[in-house]
Structures are given as structure tokens and as C-alpha cells.
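Visitor: Take this structure, written in C-alpha cells, and hold onto it; I'll ask about it next.
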Amino acid sequence: MDYQAMLSRWLERAGDDPDLIRELTEVQEDAKAVSDRFYRHLAFGTGGLRGVIGAGTNRMNIYTVRRATQGLADYLNATDLPKSVAIAHDSRIKGERFARETARVLAANGITAWIYPRLEPTPALSWAVRHLACGAGVCVTASHNPAQYNGYKVYGADGCQITPEAAEQVLAAMEQTDCFDGVKLADFDQAVAAGTIRTIPDACLDAFVDAVLDLRPGNDVSQLRLVYTPLNGSGLECVQKLLGKMGVTDVTVVPEQEAPDGTFPTCPYPNPEIREAMERGLALCGQVKPDLLLGTDPDCDRMGAAVPDGQGGYRLITGNEMGILLFDYLCRTRIERGTMPENPVAVTTIVSTDMATPVAAAYGVELRRTLTGFKYIGEQIALLEAEGHKERYLFGFEESYGYLSGAHVRDKDAVNAVMLACEAAAWYRGQGMTLLEAMDALYQKYGYYRNGLISRAFEGQDGMRAMEDLMASLRANPPAEIAGRAVTGVVDYAKEGTGLIPSDVLEFRLAGEGKLIVRPSGTEPKLKIYLSVRGGSADEAAQALDALSAGAGRLMEQGAAR
């Protein structure tokens, strides 16, 4: 490919955003920088687009957003789906601009664009799609990625992220679209006047919060003391509305992380899974002494938490631990109140903790496992709804801090998770226990499960090839043992027969209730290695996880060397 010719064309045509012209001018003598921006189109899949903000076909900018939206419009106009799309954005850099550009392209293609008037959570977008009977939805967000990223998530009419089949059709339309000459574009203000761009009313957002509130098991939370951080993202409005309606009045918001700010000045990686992102909240806990610290990521679909550790400090709860705590709390509470449905179903992913299996069995709940990605949990809700039994759906969670206890949306919902965490913490407080003590009790009952995650970055064009080669090597030469544990079984999810759609994932089952799963990230240039062990005590499980982590590192090195 002639990258310099592509650079010249963008310098000539990309004047709608002067930031892009400045960037391209600065890098035009750097061949590697130029090729990295133009060696491919930013990948579009079931997660939509996600990438570094900047100039070129391999970056997030108004031209890649316009091109994706033209593909979405062409797809939608070729179907019988409603010709309307809901749009939201979070606090990301250029998020509002990308949302407006999305609306302009849709309006020019005869599709009504419903756009939130200010930043709102991803689950509020999923809600709006169904509430407004739209044919699709778009949320401009890069979730918990660093500040230099933005993204473009596409949702179907069911409020779930689009299916692989729909993504392929959108991609096929995109491949026929030139980002400069192939995109239809309306004037924003004229489209508003014509009614083809409309504002999503506040009543829609209030209905979303009320739908979450309707899912309350109903325990008193009025005495709960809470510290909350939206991590400079979109969660503050909905979370504050919810807490007010629940009766949680003792709430301290982390001041440095309260206002929306796409530069995320207090944490370069605004992910509640990462301790650094929660440090300001943890420091505030030392002064406020709350029952619970809660943090939501920038698009408010993931929730992290910390609880008193019994020694004057606070300990972060892992995503798997919170999933088990909320699952157990929902089961015990609904059984006690006589609201447990017949044949209840819970859903989690293949990389989430195996502890969910014995907990589900103890309460008589059918546990279903899906591929990684909450859209697959959403699909299970849709299947139950199609059968006329959506009430059977009880709870879904994934290890990466995503939770959902109702069918009101079809994506993970941190607003819903905040409600559940507050209820669980208040209920256990009434039993004289913290959530940490409750988790310890569950470990004593079911065994000490420990999970780990290793991420290896593969940056740039060469990195993607190296990641593909490593996966091919592990398939061709699977290990006989890992960390001294025999590999008792290998599941290649890319093949038929797993009960799930083919996916580039390898699972190595190990002797002694352990497993290791290798999966290329669907949203970042990373290879993720998920570790799972079970021990008879906390120390035994910790030692087993350390050994497996070291073994995973050696496995990656050996695979890369082949």
C-alpha cells in the first residue's frame, strides 16, 4: 500500500478537523508512524470500533466514525428494522463530536437520530434503544481504556450489542464506503429543525432509573454510609438519582473524580479493576469510614468496590468475588421473600470463576456459560424472553466487573450493580458482617477459589502478527503440563462442538481443579490469559495461583519461541 499517497489525500481532505491536519503534518517524515496510521482500517466487529484517537484509517476520528455510520445506515435501510437510532456518549475526548457526526450521517440517510443531550451511561443507551423502539443504537465510548482511546459500540434493536451476522453486514457496507466521498452528511442544526435529529427526553432516562429501582430485593439501605466515584465519567447523574430514590443519603463523592473529564487526570487507566483508579476513593475512605466504596468506569457499565478489612483499612473486592456475593445475596433474598422464579437461570462466562457452579447448585439455579462479552449474556436473556419466560433470568456477571440482575437492558449495568451492592452491604451489616466477612464465609462453604489475569500487549502491525502466530503455535503444540499440573483436557473454542459459536479461545484444563484460558482481546491489541485454581485454604489457593501464573509466563515464552 502507498501510505504516503494516503497521507497526502488525508492532508488534502481532512480539513473538517484541524487536529488531524496538525498530527499528520508532524508525522509525515516518520515512515513507521505513517504506516501505523494507514496500514489498515480500524477493525469493526461485534464490539464496533475502538482505537487510539488520531488521524488515519487506523485511528478514531470523525472520518472513521462517519464511515462506520454510513455502513450502519446502509445496513439498516436494507432491513425491515425501524429507521431510527439512539445515540449516547461518555466523557471521552471528542465523544460529543463523534456522537453529533453519527447523528448527521444517519439523518442524511433518512434515519431518525435520537441523541442524549448530555453524556449518559452505556446501559442507559441500551435502555433507550428499546424504550424508543429504535432499529439500532450507538454509544461513543472506549469503556475503561486509557484516555487516548475512544470507541463506537453498535447495538441492535433488542438493546444488545449487534450479532456477528449484523456486524458482518455493516462491515461489508463499510468496505464499499470511502470516508470522504462515500458518506452522506446532513447539517446538524438543519436536521434538528427538520426533526431528523431529536433529543432523547429526560423521561426516558428517568424510566431507566426507575426500571433499575424496580429490581430491588427491598432491604433497608437508609443507614448505609457510602463513598462513590464516577472516575470522571458518565455515572454520576444516574447513580445519584438511584441512590436518592433508594434512600441512601450518606454519600460522599470523590471530588477530584466527580466532574466529567476525558483526560482522566487522577488515573491514566480509568478502570475500577485497577487499584490506581480507586486510590483517591480509598484515601477518602480513611476519613469518611464508609460501609462501602463504589466506583463506576467512564461509561458506567462496570463497577468496582472496596470494603472494610477489619484492620482499619479497605480491601478491593475482585470482579469474581462481587459476582458471587451478589449472586448468593439475590438467591437467598428471593427465596426468603418467595420471589424466586421457577427454573431460575444465571449466566456467566467461560473465563469467570468456577465458584459460580457450586453456588448455583446450592440454590437450584441453572447456570449457563457463554463466551466472553456481555452481549452473549444478553442473548441468553433474549432466548428466555422468546420462550415467554424472561422472569427465569435471575442474574448475570462476568469477571471483568460486569453485572446485571434484570431484563431491562441487555448489557452490563453499573447503575444496577450499585443498587445490588448497596442492598447486599446493608443486609450483611444487619447481620453484623461486612461484605469481606460474607465472602470469607462463602469461601469456607464452597472452597477457596482464586482467579488471575495476565495481559500481554502486542502493539502495531507486527504485534498483531505475533499474537496470531502465538495462538497458532499453542494450537499446533498444546502443552502436556503447566506449572507441574497435567493438562487433562484442551478445548479449542474455534472449533465446532463446544455449544458456543466458534471463537479464537483456547482452554487448558488442569489436574486438581484448575484451568488456563488464552484469548486475544476483542477490544485491545492484547492477549489475555485467565487463570483459575481452587484450594482447601486461602494460603493453599494463593500459592497455587502464584505457581500457575509463573507457569503461564513460561508457556507464553515457549509458544513465542516456536
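Each chain of the C-alpha cells is named A, B, ... in the order shown, its residues numbered from 1; ligands are numbered from 1 in display order.
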With only C-alpha atoms as the counted atoms, please give the residues lying no more than 10 Å from Thr318 (chain A), apart from itself and same-chain residues fewer than 2 positions off, as a compact mmCIF listing (two decimals) with C-alpha atoms, in the first residue's frame.

Guide:
```txt
# COMPACT_ATOMS: atom_id res chain seq x y z
CA PRO A 272 -12.24 0.16 38.62
CA GLU A 273 -10.46 -3.19 38.29
CA ILE A 274 -7.15 -1.33 38.76
CA GLY A 304 -15.64 -1.82 41.38
CA ALA A 305 -15.87 -1.86 45.18
CA ALA A 306 -13.84 -1.81 48.37
CA ARG A 315 -9.78 -4.09 50.57
CA LEU A 316 -10.82 -4.11 46.93
CA ASN A 320 -15.42 -12.60 40.54
CA GLU A 321 -15.92 -12.07 44.27
CA MET A 322 -18.55 -9.38 43.75
CA GLY A 323 -20.29 -11.59 41.21
CA ILE A 324 -20.50 -14.42 43.75
CA GLU A 399 -15.16 -11.41 35.92
CA SER A 400 -14.38 -8.02 34.42
CA TYR A 401 -16.74 -6.22 36.83
CA ARG A 450 -8.72 -17.82 43.15
CA ASN A 451 -8.53 -16.29 39.70
CA GLY A 452 -5.85 -14.30 37.92
```

Visitor: Compile the contact shell of Val192 (chain A) as an MDAnalysis selection string: residues with an atom at most 10 Å away, counting only C-alpha atoms, same-chain residues fewer than 6 positions apart removed.

Guide: chainID A and resid 103:104 107 112:113 186 198:199

Visitor: Go ahead and save the residues from that selection, with C-alpha atoms, as a PDB file, in the first residue's frame.

Guide:
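New file result.pdb:
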```
ATOM      1  CA  ALA A 103     -26.399  11.779  14.034  1.00  0.00           C
ATOM      2  CA  ARG A 104     -25.533  13.844  10.939  1.00  0.00           C
ATOM      3  CA  ALA A 107     -30.143  11.986   9.297  1.00  0.00           C
ATOM      4  CA  THR A 112     -34.082   9.492  12.701  1.00  0.00           C
ATOM      5  CA  ALA A 113     -31.267  10.042  15.200  1.00  0.00           C
ATOM      6  CA  ALA A 186     -26.541  16.485   6.931  1.00  0.00           C
ATOM      7  CA  ARG A 198     -34.112  14.592  18.056  1.00  0.00           C
ATOM      8  CA  THR A 199     -33.200  14.889  21.710  1.00  0.00           C
TER       9      THR A 199
END
```

Visitor: Measuring between only C-alpha atoms, which one of A:Arg302, A:Arg475, A:Arg9, A:His131 shows the shortest distance to Ala414 (chain A)?

Guide: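 Checking each of A:Arg302, A:Arg475, A:Arg9, A:His131 against Ala414 (chain A), counting only C-alpha atoms, the winner is A:Arg302.
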
Visitor: Given the choices A:Lys528, A:Ile517, A:Ile62, A:Cys331, which gets closest to Asp492 (chain A) if the distance is worked out from only C-alpha atoms?

Guide: A:Ile517

Visitor: Please identify the helix (DSSP H, G or I) residues within region 196-376 of chain A (assignment by DSSP from backbone atoms) and present them as a ChimeraX atom specification.

Guide: /A:202-213,236-246,255-257,275-288,319-337,356-363,374-376

Visitor: Would you write out those residues with C-alpha atoms, as a compact mmCIF listing (two decimals), in the first residue's frame?

Guide:
```txt
# COMPACT_ATOMS: atom_id res chain seq x y z
CA ASP A 202 -35.34 13.18 30.31
CA ALA A 203 -38.39 10.99 30.83
CA CYS A 204 -36.54 8.19 29.03
CA LEU A 205 -33.59 8.44 31.43
CA ASP A 206 -35.90 8.60 34.46
CA ALA A 207 -37.68 5.49 33.22
CA PHE A 208 -34.31 3.71 33.05
CA VAL A 209 -33.50 4.58 36.67
CA ASP A 210 -36.99 3.51 37.75
CA ALA A 211 -36.56 0.19 35.92
CA VAL A 212 -33.39 -0.43 37.93
CA LEU A 213 -35.19 0.54 41.13
CA LEU A 236 -22.83 10.48 38.41
CA GLU A 237 -26.30 11.59 37.27
CA CYS A 238 -27.94 8.16 37.17
CA VAL A 239 -26.21 6.84 40.29
CA GLN A 240 -27.19 9.90 42.33
CA LYS A 241 -30.79 9.65 41.12
CA LEU A 242 -30.89 5.97 42.05
CA LEU A 243 -29.33 6.41 45.49
CA GLY A 244 -31.75 9.22 46.29
CA LYS A 245 -34.74 7.06 45.40
CA MET A 246 -33.33 4.16 47.43
CA PRO A 255 -14.23 15.39 44.50
CA GLU A 256 -11.25 15.00 42.12
CA GLN A 257 -13.16 12.40 40.07
CA ARG A 275 -6.19 -0.17 42.24
CA GLU A 276 -4.64 3.06 40.93
CA ALA A 277 -8.03 4.21 39.63
CA MET A 278 -9.58 3.68 43.07
CA GLU A 279 -6.76 5.25 45.12
CA ARG A 280 -8.49 8.62 45.58
CA GLY A 281 -11.59 6.85 46.81
CA LEU A 282 -9.57 4.62 49.13
CA ALA A 283 -7.82 7.67 50.60
CA LEU A 284 -11.19 9.30 51.22
CA CYS A 285 -12.39 6.15 52.95
CA GLY A 286 -9.70 6.73 55.57
CA GLN A 287 -11.52 9.95 56.52
CA VAL A 288 -15.18 9.04 55.96
CA GLY A 319 -14.99 -8.88 39.94
CA ASN A 320 -15.42 -12.60 40.54
CA GLU A 321 -15.92 -12.07 44.27
CA MET A 322 -18.55 -9.38 43.75
CA GLY A 323 -20.29 -11.59 41.21
CA ILE A 324 -20.50 -14.42 43.75
CA LEU A 325 -21.58 -12.10 46.58
CA LEU A 326 -24.40 -10.58 44.55
CA PHE A 327 -25.45 -13.95 43.11
CA ASP A 328 -25.65 -15.51 46.57
CA TYR A 329 -27.44 -12.45 48.01
CA LEU A 330 -30.06 -12.45 45.27
CA CYS A 331 -30.71 -16.18 45.65
CA ARG A 332 -31.06 -16.16 49.43
CA THR A 333 -33.16 -12.98 49.46
CA ARG A 334 -35.57 -14.07 46.74
CA ILE A 335 -36.03 -17.48 48.34
CA GLU A 336 -36.72 -15.85 51.72
CA ARG A 337 -39.26 -13.48 50.15
CA ALA A 356 -20.43 -19.98 40.45
CA THR A 357 -21.09 -23.66 39.75
CA PRO A 358 -21.46 -24.88 43.37
CA VAL A 359 -23.32 -21.70 44.39
CA ALA A 360 -25.86 -22.23 41.61
CA ALA A 361 -26.26 -25.89 42.56
CA ALA A 362 -26.88 -24.99 46.22
CA TYR A 363 -29.85 -22.81 45.26
CA PHE A 374 -21.78 -9.39 27.95
CA LYS A 375 -23.62 -9.45 24.63
CA TYR A 376 -23.67 -13.24 24.96
```

Visitor: Identify, on the basis of only C-alpha atoms, every residue whose closest approach to region 391-396 of chain A does not exceed 10 Å; exclude the query and any residue fewer than 4 positions from it along the same chain; express the result as a PDB file with C-alpha atoms, in the first residue's frame.

Guide:
```
ATOM      1  CA  GLY A 323     -20.294 -11.589  41.208  1.00  0.00           C
ATOM      2  CA  LEU A 326     -24.401 -10.578  44.546  1.00  0.00           C
ATOM      3  CA  PHE A 327     -25.450 -13.952  43.110  1.00  0.00           C
ATOM      4  CA  LEU A 330     -30.061 -12.450  45.271  1.00  0.00           C
ATOM      5  CA  CYS A 331     -30.710 -16.178  45.648  1.00  0.00           C
ATOM      6  CA  ARG A 334     -35.570 -14.067  46.742  1.00  0.00           C
ATOM      7  CA  MET A 340     -37.587 -16.904  43.253  1.00  0.00           C
ATOM      8  CA  PRO A 341     -38.950 -17.905  39.831  1.00  0.00           C
ATOM      9  CA  GLU A 342     -39.456 -21.496  38.766  1.00  0.00           C
ATOM     10  CA  ASN A 343     -36.413 -22.938  36.995  1.00  0.00           C
ATOM     11  CA  PRO A 344     -34.237 -19.854  37.575  1.00  0.00           C
ATOM     12  CA  VAL A 345     -31.293 -19.206  35.270  1.00  0.00           C
ATOM     13  CA  ALA A 346     -28.000 -17.449  35.954  1.00  0.00           C
ATOM     14  CA  VAL A 347     -25.427 -16.728  33.260  1.00  0.00           C
ATOM     15  CA  THR A 348     -21.691 -16.144  33.386  1.00  0.00           C
ATOM     16  CA  THR A 349     -18.748 -16.569  31.031  1.00  0.00           C
ATOM     17  CA  VAL A 365     -30.289 -22.433  39.753  1.00  0.00           C
ATOM     18  CA  GLU A 366     -29.405 -23.465  36.203  1.00  0.00           C
ATOM     19  CA  LEU A 367     -26.011 -21.959  35.360  1.00  0.00           C
ATOM     20  CA  ARG A 368     -25.216 -21.201  31.729  1.00  0.00           C
ATOM     21  CA  ARG A 369     -21.771 -20.204  30.489  1.00  0.00           C
ATOM     22  CA  PHE A 374     -21.780  -9.385  27.947  1.00  0.00           C
ATOM     23  CA  ILE A 377     -25.329 -12.950  28.369  1.00  0.00           C
ATOM     24  CA  GLY A 378     -27.798 -10.557  26.747  1.00  0.00           C
ATOM     25  CA  GLN A 380     -29.423 -15.685  26.808  1.00  0.00           C
ATOM     26  CA  ILE A 381     -31.928 -13.188  28.240  1.00  0.00           C
ATOM     27  CA  ALA A 382     -33.386 -12.755  24.756  1.00  0.00           C
ATOM     28  CA  LEU A 384     -35.637 -16.772  27.628  1.00  0.00           C
ATOM     29  CA  GLU A 385     -37.825 -13.856  26.562  1.00  0.00           C
ATOM     30  CA  GLY A 402     -19.951  -6.504  34.803  1.00  0.00           C
ATOM     31  CA  TYR A 403     -23.280  -7.389  36.489  1.00  0.00           C
ATOM     32  CA  LEU A 404     -26.975  -7.439  35.611  1.00  0.00           C
ATOM     33  CA  SER A 405     -29.972  -8.661  37.623  1.00  0.00           C
ATOM     34  CA  GLY A 406     -32.842  -7.844  35.266  1.00  0.00           C
ATOM     35  CA  ALA A 407     -34.005  -7.880  31.659  1.00  0.00           C
ATOM     36  CA  ASP A 411     -25.683  -5.123  28.608  1.00  0.00           C
ATOM     37  CA  LYS A 412     -23.860  -4.950  31.903  1.00  0.00           C
TER      38      LYS A 412
END
```

Visitor: Write out as a list in words each polymer residue whose atoms come within 10 Å of Asp90 (chain A), counting only C-alpha atoms; drop sequence neighbours fewer than 2 positions from it.

Guide: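 Near neighbours after the sequence-gap exclusion: Ala88, Arg92, Ile93, Lys94, Gly95, Glu96, Ala99, Arg118, Leu119, Glu120, Pro121, Thr122, Cys139, Val140, Thr141, Ala142, Ser143, Asn150, Asn232, Gly233, Ser234, Gly235, Pro260, Asp261, Gly262, Pro298, Asp299 and Cys300 of chain A.
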
Visitor: Could you turn the residues from that selection into a file that holds N, CA, C and O atoms, as a CSV table (one decimal), in the first residue's frame?

Guide:
```csv
chain,number,residue,atom,x,y,z
A,88,ALA,N,-25.6,7.8,22.3
A,88,ALA,CA,-25.1,8.3,23.6
A,88,ALA,C,-23.6,8.4,23.5
A,88,ALA,O,-23.0,7.9,22.6
A,92,ARG,N,-15.4,10.8,27.1
A,92,ARG,CA,-14.1,10.6,26.3
A,92,ARG,C,-13.9,11.9,25.5
A,92,ARG,O,-14.8,12.6,25.0
A,93,ILE,N,-12.6,12.1,25.2
A,93,ILE,CA,-12.2,13.1,24.3
A,93,ILE,C,-12.8,13.0,22.9
A,93,ILE,O,-12.9,11.9,22.4
A,94,LYS,N,-13.4,14.0,22.4
A,94,LYS,CA,-14.2,14.1,21.2
A,94,LYS,C,-15.4,13.2,21.2
A,94,LYS,O,-16.1,13.0,20.1
A,95,GLY,N,-15.9,12.8,22.3
A,95,GLY,CA,-17.1,11.9,22.4
A,95,GLY,C,-18.3,12.7,21.9
A,95,GLY,O,-19.1,12.1,21.1
A,96,GLU,N,-18.5,13.9,22.3
A,96,GLU,CA,-19.7,14.6,21.9
A,96,GLU,C,-19.6,14.9,20.4
A,96,GLU,O,-20.6,14.8,19.7
A,99,ALA,N,-20.5,11.7,18.5
A,99,ALA,CA,-22.0,11.5,18.6
A,99,ALA,C,-22.7,12.4,17.6
A,99,ALA,O,-23.7,11.9,17.0
A,118,ARG,N,-26.8,15.1,26.9
A,118,ARG,CA,-25.5,15.2,27.7
A,118,ARG,C,-25.0,13.7,27.8
A,118,ARG,O,-25.7,12.8,27.5
A,119,LEU,N,-23.8,13.6,28.4
A,119,LEU,CA,-23.2,12.3,28.5
A,119,LEU,C,-24.1,11.4,29.4
A,119,LEU,O,-24.6,11.9,30.4
A,120,GLU,N,-24.2,10.1,29.0
A,120,GLU,CA,-25.0,9.2,29.8
A,120,GLU,C,-24.4,7.8,29.7
A,120,GLU,O,-23.6,7.5,28.8
A,121,PRO,N,-24.7,6.9,30.7
A,121,PRO,CA,-24.1,5.6,30.7
A,121,PRO,C,-24.5,4.7,29.5
A,121,PRO,O,-25.6,4.9,28.9
A,122,THR,N,-23.6,3.8,29.2
A,122,THR,CA,-23.9,2.8,28.2
A,122,THR,C,-25.2,2.0,28.5
A,122,THR,O,-26.0,1.8,27.5
A,139,CYS,N,-23.2,3.9,21.0
A,139,CYS,CA,-22.7,4.5,22.2
A,139,CYS,C,-21.2,4.8,21.9
A,139,CYS,O,-20.4,3.9,21.6
A,140,VAL,N,-20.9,6.1,21.9
A,140,VAL,CA,-19.5,6.5,21.7
A,140,VAL,C,-18.7,6.4,23.0
A,140,VAL,O,-18.9,7.2,23.9
A,141,THR,N,-17.9,5.4,23.2
A,141,THR,CA,-17.2,5.1,24.4
A,141,THR,C,-16.0,4.2,24.1
A,141,THR,O,-16.1,3.3,23.2
A,142,ALA,N,-15.0,4.3,24.9
A,142,ALA,CA,-13.9,3.3,24.9
A,142,ALA,C,-13.9,2.6,26.3
A,142,ALA,O,-12.9,2.1,26.7
A,143,SER,N,-15.1,2.6,27.0
A,143,SER,CA,-15.2,1.9,28.3
A,143,SER,C,-14.1,2.3,29.2
A,143,SER,O,-14.0,3.5,29.6
A,150,ASN,N,-10.9,6.1,22.1
A,150,ASN,CA,-12.3,6.3,22.1
A,150,ASN,C,-12.9,5.1,21.2
A,150,ASN,O,-12.1,4.3,20.7
A,232,ASN,N,-14.5,10.4,36.8
A,232,ASN,CA,-14.6,11.4,35.8
A,232,ASN,C,-15.4,11.0,34.5
A,232,ASN,O,-15.2,11.5,33.4
A,233,GLY,N,-16.3,10.1,34.7
A,233,GLY,CA,-17.1,9.6,33.6
A,233,GLY,C,-18.6,9.9,33.7
A,233,GLY,O,-18.9,11.0,34.2
A,234,SER,N,-19.4,9.0,33.2
A,234,SER,CA,-20.8,9.4,32.9
A,234,SER,C,-21.8,8.9,34.0
A,234,SER,O,-23.0,9.1,33.9
A,235,GLY,N,-21.3,8.3,35.1
A,235,GLY,CA,-22.2,7.6,36.0
A,235,GLY,C,-22.9,8.5,37.0
A,235,GLY,O,-23.9,8.1,37.6
A,260,PRO,N,-17.0,15.2,34.8
A,260,PRO,CA,-16.6,14.6,33.5
A,260,PRO,C,-15.3,15.1,33.0
A,260,PRO,O,-15.2,16.4,32.9
A,261,ASP,N,-14.3,14.3,32.7
A,261,ASP,CA,-13.0,14.8,32.2
A,261,ASP,C,-12.4,13.6,31.4
A,261,ASP,O,-11.9,12.6,32.0
A,262,GLY,N,-12.4,13.7,30.1
A,262,GLY,CA,-11.8,12.7,29.3
A,262,GLY,C,-10.3,12.5,29.3
A,262,GLY,O,-9.8,11.5,28.8
A,298,PRO,N,-15.8,4.9,33.1
A,298,PRO,CA,-16.3,6.1,32.4
A,298,PRO,C,-17.7,6.0,31.7
A,298,PRO,O,-18.4,6.9,31.7
A,299,ASP,N,-18.0,4.8,31.2
A,299,ASP,CA,-19.3,4.7,30.5
A,299,ASP,C,-20.3,4.0,31.5
A,299,ASP,O,-21.4,3.6,31.1
A,300,CYS,N,-19.9,3.8,32.7
A,300,CYS,CA,-20.8,3.3,33.8
A,300,CYS,C,-21.5,2.0,33.4
A,300,CYS,O,-22.7,1.8,33.7
```

Visitor: Could you name the residues that touch Thr69 (chain A) at 10 Å or less, counting only C-alpha atoms, but leaving out those on the same chain fewer than 2 positions away, as a list in words?

Guide: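 Within the cut-off, the hits are Tyr63, Thr64, Val65, Arg66, Arg67, Gly71, Leu72, Ala73, Asp74, Tyr75, Glu101, Thr102, Ala103, Arg104, Val105, Leu106, Asn109, Val138, Tyr152, Val154, Val170, Ala173, Met174, Val183 and Lys184 of chain A.
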
Visitor: Within 8 Å of region 420-426 of chain A, counting only C-alpha atoms, which residues qualify if same-chain residues fewer than 2 places away don't, as an NGL selection string?

Guide: :A and (216-221 or 223-224 or 291-292 or 325-326 or 329 or 416-418 or 428-430 or 434-435)
